[in-house]
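First the structure, in the form of structure tokens, and then the observations on it.
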Amino acid sequence: MREFNIAVIPGDGIGKEVIPEGIKALEAATAAFGIQLTFTWFDWSCETYHQTGKMMPDNGLEILKTFDAIYLGAVGFPGVPDHISLWGLLLPIRREFDQYVNLRPVRLFEGLASPLANKAPGDIDFYVVRENVEGEYSNIGGVQYPGSDNEVVVQQSVFTRKGTDRIIKYAFELAQQRDKHLSSATKSNGLYHSMPYWDSRVEAISADYPEVNVDHFHIDIFCANLVRMPEFYDVIVGSNLFGDILSDLGPACTGTIAIAPSANINPDKTFPSMFEPVHGSAPDIAGQNIANPIGTVWAGAMMLQHLGCDDVHDVMMAAIEEVIQRQESLTRDMGGIASTQELGDAIVAAIGNHR
Ligand code: ATP
Ligand code: MG
């Protein structure tokens, strides 16, 4: 029997509402394959911060290290500054566990309308591979002559050979398995040092993948093209900042960001990887039982795939597809009237049809 220990951090707002639905789906899908998942819950959140001054205990990472994977809802809530919820939980996990790949599949499902005119399901089906631990998101820099008219703020980016090469290689490997087409986001006409370096590493590594077609676009035209002709793309690779932008733009083209998953992967498996929906804690709808749990269920499917259970992943994806296509039990963001639990129940029922 395959057995896995999963750390569960529901977090804040709707994170607490969607995670139980994800777990329901995971339990239904794994049962048929004789897989045993043990969930250990951690109530680390902005509430914890209010009570203790910390998002997670000092030994939080030590505790998480022992798990096979981490399943996260969302962290962040009004009243706690973003830099505290981010730098107090999410970023330490990503960085200390070397989850250097942020992988976000983007797919238009049959039954959902894209805001882009005339796009059918097969037209939007790509992956965004985002560098997740270095690049533009650094705390190196500072303010010179603060408060004076000569004030200067410097924000540095860090691109290491190791960090750049490993994310580009990961994207090439994925492209190799799919349509053999990789698109790299760049801005080598504006960013003097970092992006020409990025481009040079893409070119160097492409020599090892002669079958993969590579193109690159500056981030501005990249965004325009993604909206104009999403069907052109298959695997997209970008730095931390550009990948972040593209991985929100992508799901926005598929009807609702609430169905989109995000996997923070340590491909070497030296530390646990973390799986979460793309959306945040959505304070505007928290507590109303109307949050869409599909992004969380899909993130759970990616978690099982990462743990080597492709069979479970495929059943969960078939169930999501079926539920959306049938247009029953959809939440409001998808044009329905169902509650979070009703949609969760419909997914569990559909899993029963596919295993
Ligand atoms: P973060 O900074 O944490 O990413 P955000 O400011 O980007 O958060 P979200 O919390 O993702 O915002 O919410 C953006 C909008 O999408 C909100 O109007 C929210 O209600 C809606 N939304 C987000 N997630 C869901 C969901 N699962 N179901 C329905 N609507 C959602
Ligand atoms: Mg956001």
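Residues are referred to by chain and number: the chain letter is A, B, ... according to the order shown in the structure tokens, the number counts from 1 in that chain, and ligands are numbered separately from 1 in the order shown.
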
Let me see if you get this right: every residue at most 10 Å from ligand 1, counting only C-alpha atoms and all ligand atoms, written as an MDAnalysis selection string. chainID A and resid 12:15 17:18 73:77 82 85:86 248 256:260 277:286 289:296 331:334 340

Can you write just those residues out, C-alpha atoms, as a PDB file, in the first residue's frame?
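This is the output file selection-v4.pdb:
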```
ATOM      1  CA  ASP A  12      -7.038  32.366   6.087  1.00  0.00           C
ATOM      2  CA  GLY A  13     -10.406  33.350   4.622  1.00  0.00           C
ATOM      3  CA  ILE A  14     -11.724  30.975   1.980  1.00  0.00           C
ATOM      4  CA  GLY A  15      -8.587  28.834   2.392  1.00  0.00           C
ATOM      5  CA  GLU A  17     -13.488  26.604   3.228  1.00  0.00           C
ATOM      6  CA  VAL A  18     -11.884  25.106   0.126  1.00  0.00           C
ATOM      7  CA  GLY A  73      -5.283  27.005   1.243  1.00  0.00           C
ATOM      8  CA  ALA A  74      -4.385  30.697   1.244  1.00  0.00           C
ATOM      9  CA  VAL A  75      -2.657  33.067   3.616  1.00  0.00           C
ATOM     10  CA  GLY A  76      -3.189  36.795   4.051  1.00  0.00           C
ATOM     11  CA  PHE A  77      -6.000  38.831   5.521  1.00  0.00           C
ATOM     12  CA  ASP A  82       1.230  41.373   2.992  1.00  0.00           C
ATOM     13  CA  SER A  85       1.947  36.954   5.726  1.00  0.00           C
ATOM     14  CA  LEU A  86       4.269  36.396   2.752  1.00  0.00           C
ATOM     15  CA  ASP A 248      -2.214  35.236 -13.323  1.00  0.00           C
ATOM     16  CA  THR A 256     -12.282  32.174 -13.534  1.00  0.00           C
ATOM     17  CA  ILE A 257      -9.028  32.278 -11.570  1.00  0.00           C
ATOM     18  CA  ALA A 258     -10.741  30.144  -8.925  1.00  0.00           C
ATOM     19  CA  ILE A 259     -10.122  26.895 -10.839  1.00  0.00           C
ATOM     20  CA  ALA A 260      -6.376  27.451 -11.246  1.00  0.00           C
ATOM     21  CA  PRO A 277      -4.843  27.199  -5.451  1.00  0.00           C
ATOM     22  CA  VAL A 278      -3.696  30.306  -7.372  1.00  0.00           C
ATOM     23  CA  HIS A 279      -6.321  32.484  -5.717  1.00  0.00           C
ATOM     24  CA  GLY A 280      -5.884  34.241  -2.387  1.00  0.00           C
ATOM     25  CA  SER A 281      -7.959  34.267   0.785  1.00  0.00           C
ATOM     26  CA  ALA A 282     -10.702  36.362  -0.900  1.00  0.00           C
ATOM     27  CA  PRO A 283     -11.847  38.328   2.185  1.00  0.00           C
ATOM     28  CA  ASP A 284     -14.744  39.751   0.132  1.00  0.00           C
ATOM     29  CA  ILE A 285     -16.494  36.356  -0.003  1.00  0.00           C
ATOM     30  CA  ALA A 286     -15.013  34.603   3.049  1.00  0.00           C
ATOM     31  CA  ASN A 289     -19.835  29.257   1.602  1.00  0.00           C
ATOM     32  CA  ILE A 290     -19.703  30.344  -2.047  1.00  0.00           C
ATOM     33  CA  ALA A 291     -15.984  29.893  -2.757  1.00  0.00           C
ATOM     34  CA  ASN A 292     -15.137  27.663  -5.705  1.00  0.00           C
ATOM     35  CA  PRO A 293     -13.030  24.692  -4.497  1.00  0.00           C
ATOM     36  CA  ILE A 294     -11.871  23.522  -7.960  1.00  0.00           C
ATOM     37  CA  GLY A 295      -8.440  25.245  -7.847  1.00  0.00           C
ATOM     38  CA  THR A 296      -7.794  23.454  -4.561  1.00  0.00           C
ATOM     39  CA  THR A 331     -20.477  28.119  -7.847  1.00  0.00           C
ATOM     40  CA  ARG A 332     -21.354  31.719  -8.650  1.00  0.00           C
ATOM     41  CA  ASP A 333     -18.024  32.660 -10.213  1.00  0.00           C
ATOM     42  CA  MET A 334     -18.826  30.037 -12.896  1.00  0.00           C
ATOM     43  CA  THR A 340     -18.749  25.327  -1.825  1.00  0.00           C
TER      44      THR A 340
END
```

What lies within 12 Å of A:Gly250 using only C-alpha atoms, ignoring chain neighbours under 4 positions off, as a ChimeraX atom specification? /A:104-108,114-116,124-129,222-231,233-236,243-246,254-257,259-261,278

Residues as selected, C-alpha atoms, written as a PDB file, in the first residue's frame, can you do that?
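File written: out_16.pdb
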```
ATOM      1  CA  ARG A 104       0.769  26.416 -13.201  1.00  0.00           C
ATOM      2  CA  PRO A 105      -1.290  24.560 -15.782  1.00  0.00           C
ATOM      3  CA  VAL A 106      -3.749  26.744 -17.666  1.00  0.00           C
ATOM      4  CA  ARG A 107      -6.643  25.087 -19.463  1.00  0.00           C
ATOM      5  CA  LEU A 108     -10.010  26.204 -20.800  1.00  0.00           C
ATOM      6  CA  SER A 114     -13.260  32.480 -21.946  1.00  0.00           C
ATOM      7  CA  PRO A 115     -13.362  36.287 -21.825  1.00  0.00           C
ATOM      8  CA  LEU A 116     -11.411  36.084 -25.092  1.00  0.00           C
ATOM      9  CA  ILE A 124      -6.084  27.368 -24.249  1.00  0.00           C
ATOM     10  CA  ASP A 125      -3.951  24.569 -22.866  1.00  0.00           C
ATOM     11  CA  PHE A 126      -0.495  25.521 -21.678  1.00  0.00           C
ATOM     12  CA  TYR A 127       1.848  25.493 -18.686  1.00  0.00           C
ATOM     13  CA  VAL A 128       3.557  28.438 -17.036  1.00  0.00           C
ATOM     14  CA  VAL A 129       6.893  27.486 -15.454  1.00  0.00           C
ATOM     15  CA  PHE A 222       4.258  38.393 -24.560  1.00  0.00           C
ATOM     16  CA  CYS A 223       1.215  39.516 -22.551  1.00  0.00           C
ATOM     17  CA  ALA A 224      -0.404  40.986 -25.662  1.00  0.00           C
ATOM     18  CA  ASN A 225       0.206  37.782 -27.644  1.00  0.00           C
ATOM     19  CA  LEU A 226      -1.097  35.569 -24.866  1.00  0.00           C
ATOM     20  CA  VAL A 227      -4.422  37.390 -25.022  1.00  0.00           C
ATOM     21  CA  ARG A 228      -4.494  37.589 -28.838  1.00  0.00           C
ATOM     22  CA  MET A 229      -3.479  34.009 -29.614  1.00  0.00           C
ATOM     23  CA  PRO A 230      -3.311  31.743 -26.560  1.00  0.00           C
ATOM     24  CA  GLU A 231      -3.388  28.716 -28.885  1.00  0.00           C
ATOM     25  CA  TYR A 233       1.582  28.618 -26.459  1.00  0.00           C
ATOM     26  CA  ASP A 234       2.411  25.269 -24.920  1.00  0.00           C
ATOM     27  CA  VAL A 235       5.144  25.668 -22.288  1.00  0.00           C
ATOM     28  CA  ILE A 236       6.107  29.125 -21.066  1.00  0.00           C
ATOM     29  CA  GLY A 243       6.339  34.174 -14.435  1.00  0.00           C
ATOM     30  CA  ASP A 244       4.173  35.685 -11.705  1.00  0.00           C
ATOM     31  CA  ILE A 245       2.520  38.076 -14.144  1.00  0.00           C
ATOM     32  CA  LEU A 246       1.949  35.428 -16.826  1.00  0.00           C
ATOM     33  CA  THR A 254      -9.975  30.618 -18.826  1.00  0.00           C
ATOM     34  CA  GLY A 255     -13.083  32.128 -17.256  1.00  0.00           C
ATOM     35  CA  THR A 256     -12.282  32.174 -13.534  1.00  0.00           C
ATOM     36  CA  ILE A 257      -9.028  32.278 -11.570  1.00  0.00           C
ATOM     37  CA  ILE A 259     -10.122  26.895 -10.839  1.00  0.00           C
ATOM     38  CA  ALA A 260      -6.376  27.451 -11.246  1.00  0.00           C
ATOM     39  CA  PRO A 261      -3.826  25.426  -9.247  1.00  0.00           C
ATOM     40  CA  VAL A 278      -3.696  30.306  -7.372  1.00  0.00           C
TER      41      VAL A 278
END
```

Out of stretch 72-191 of chain A, which residues get alpha helix (DSSP H) from DSSP, as a PyMOL selection string? chain A and resi 82-85+91-96+161-177

Please, what distance in Å, to one decimal, runs between atom CA of A:Asn266 and atom CA of A:His306? 9.7 Å

For A:Ile6, please output as a PyMOL selection string all residues within 7 Å (counting only C-alpha atoms; exclusion window: fewer than 5 positions along the same chain). chain A and resi 37-40+67-71

Just want the 10 Å neighbourhood of A:Glu322, counted on only C-alpha atoms, with same-chain residues fewer than 2 positions away dropped. Output as a list in words.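 Everything that qualifies: Phe109, Glu110, Gly111, Met316, Met317, Ala318, Ala319, Ile320, Ile324, Gln325, Arg326, Gln327, Glu328, Ala346, Ile347, Ala350, Ile351, Asn353 and His354 of chain A.
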
Residues of the last selection are to be written out with N, CA and C atoms, as an mmCIF file, in the first residue's frame.
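Final output, part-v3.cif:
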```cif
data_model
loop_
_atom_site.group_PDB
_atom_site.id
_atom_site.type_symbol
_atom_site.label_atom_id
_atom_site.label_comp_id
_atom_site.auth_asym_id
_atom_site.auth_seq_id
_atom_site.Cartn_x
_atom_site.Cartn_y
_atom_site.Cartn_z
ATOM 1 N N PHE A 109 -11.787 24.799 -19.921
ATOM 2 C CA PHE A 109 -12.624 23.595 -19.872
ATOM 3 C C PHE A 109 -13.885 23.780 -20.703
ATOM 4 N N GLU A 110 -14.353 22.683 -21.251
ATOM 5 C CA GLU A 110 -15.649 22.646 -21.936
ATOM 6 C C GLU A 110 -16.716 23.038 -20.914
ATOM 7 N N GLY A 111 -17.484 24.081 -21.224
ATOM 8 C CA GLY A 111 -18.515 24.480 -20.266
ATOM 9 C C GLY A 111 -18.211 25.822 -19.614
ATOM 10 N N MET A 316 -9.078 12.467 -10.748
ATOM 11 C CA MET A 316 -9.539 13.759 -10.217
ATOM 12 C C MET A 316 -9.771 14.755 -11.348
ATOM 13 N N MET A 317 -8.888 14.754 -12.347
ATOM 14 C CA MET A 317 -9.060 15.685 -13.464
ATOM 15 C C MET A 317 -10.301 15.342 -14.293
ATOM 16 N N ALA A 318 -10.529 14.043 -14.484
ATOM 17 C CA ALA A 318 -11.720 13.632 -15.244
ATOM 18 C C ALA A 318 -12.979 14.088 -14.503
ATOM 19 N N ALA A 319 -12.948 14.016 -13.180
ATOM 20 C CA ALA A 319 -14.108 14.430 -12.385
ATOM 21 C C ALA A 319 -14.340 15.936 -12.494
ATOM 22 N N ILE A 320 -13.267 16.708 -12.428
ATOM 23 C CA ILE A 320 -13.406 18.169 -12.561
ATOM 24 C C ILE A 320 -14.001 18.509 -13.925
ATOM 25 N N ILE A 324 -17.741 20.367 -14.586
ATOM 26 C CA ILE A 324 -17.859 21.654 -15.278
ATOM 27 C C ILE A 324 -18.693 21.491 -16.550
ATOM 28 N N GLN A 325 -18.455 20.409 -17.263
ATOM 29 C CA GLN A 325 -19.166 20.196 -18.513
ATOM 30 C C GLN A 325 -20.671 20.018 -18.294
ATOM 31 N N ARG A 326 -21.030 19.327 -17.194
ATOM 32 C CA ARG A 326 -22.464 19.095 -16.919
ATOM 33 C C ARG A 326 -23.194 20.348 -16.498
ATOM 34 N N GLN A 327 -22.408 21.369 -16.037
ATOM 35 C CA GLN A 327 -22.993 22.662 -15.662
ATOM 36 C C GLN A 327 -23.958 22.562 -14.495
ATOM 37 N N GLU A 328 -23.789 21.514 -13.693
ATOM 38 C CA GLU A 328 -24.605 21.421 -12.482
ATOM 39 C C GLU A 328 -23.691 21.710 -11.301
ATOM 40 N N ALA A 346 -20.339 17.235 -5.618
ATOM 41 C CA ALA A 346 -20.499 16.847 -7.029
ATOM 42 C C ALA A 346 -19.180 16.267 -7.563
ATOM 43 N N ILE A 347 -18.064 16.851 -7.132
ATOM 44 C CA ILE A 347 -16.758 16.334 -7.590
ATOM 45 C C ILE A 347 -16.533 14.930 -7.032
ATOM 46 N N ALA A 350 -18.565 12.541 -9.001
ATOM 47 C CA ALA A 350 -17.979 12.315 -10.331
ATOM 48 C C ALA A 350 -16.737 11.427 -10.229
ATOM 49 N N ILE A 351 -15.989 11.563 -9.152
ATOM 50 C CA ILE A 351 -14.816 10.687 -8.957
ATOM 51 C C ILE A 351 -15.276 9.236 -8.944
ATOM 52 N N ASN A 353 -17.556 7.987 -10.643
ATOM 53 C CA ASN A 353 -17.822 7.519 -12.012
ATOM 54 C C ASN A 353 -16.555 7.175 -12.778
ATOM 55 N N HIS A 354 -15.414 7.621 -12.275
ATOM 56 C CA HIS A 354 -14.191 7.488 -13.076
ATOM 57 C C HIS A 354 -13.157 6.538 -12.529
#
```

Can you check which residues of stretch 56-188 of chain A DSSP gives as strand (DSSP E) on the backbone and send them as a PyMOL selection string? chain A and resi 69-74+101-107+125-131+141-144+152-155+181-186

Non-local contacts of A:Tyr170 (12 Å; only C-alpha atoms; under 3 positions in same chain excluded) as a PyMOL selection string: chain A and resi 100-103+127-131+163-167+173-177+182+202+205-206+209+235-238+265-268

Based on the selection just made, write C-alpha atoms of those residues as a compact mmCIF listing (two decimals), in the first residue's frame.
```
# COMPACT_ATOMS: atom_id res chain seq x y z
CA TYR A 100 12.34 26.48 -7.24
CA VAL A 101 9.64 25.56 -9.75
CA ASN A 102 6.25 27.17 -9.66
CA LEU A 103 4.17 25.18 -12.11
CA TYR A 127 1.85 25.49 -18.69
CA VAL A 128 3.56 28.44 -17.04
CA VAL A 129 6.89 27.49 -15.45
CA ARG A 130 7.93 30.26 -13.09
CA GLU A 131 11.26 30.60 -11.28
CA GLY A 163 19.07 28.98 -10.35
CA THR A 164 18.67 30.09 -13.95
CA ASP A 165 19.82 26.84 -15.51
CA ARG A 166 17.69 24.55 -13.39
CA ILE A 167 14.40 26.32 -14.11
CA GLU A 173 12.03 18.75 -20.07
CA LEU A 174 8.32 19.57 -19.83
CA ALA A 175 8.26 20.92 -23.39
CA GLN A 176 9.99 17.77 -24.56
CA GLN A 177 7.19 15.65 -23.07
CA LEU A 182 8.97 26.47 -25.40
CA VAL A 202 18.06 29.59 -22.72
CA ILE A 205 20.56 24.88 -22.80
CA SER A 206 18.54 24.63 -26.01
CA TYR A 209 17.05 19.80 -26.65
CA VAL A 235 5.14 25.67 -22.29
CA ILE A 236 6.11 29.12 -21.07
CA VAL A 237 9.16 29.83 -18.89
CA GLY A 238 9.74 33.06 -17.00
CA ILE A 265 7.93 22.01 -6.61
CA ASN A 266 11.29 20.81 -5.36
CA PRO A 267 12.01 18.47 -8.29
CA ASP A 268 14.98 16.87 -6.49
```

Just give me the gap between atom CA of A:Glu151 and atom CA of A:Ser194 in Å, one decimal is fine. 24.6 Å

Between A:His218, A:Arg2, A:Lys54, A:Arg161, which has the minimum distance to A:Gly34 (counting only C-alpha atoms)?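 Result for the nearest residue to A:Gly34: A:Arg2.
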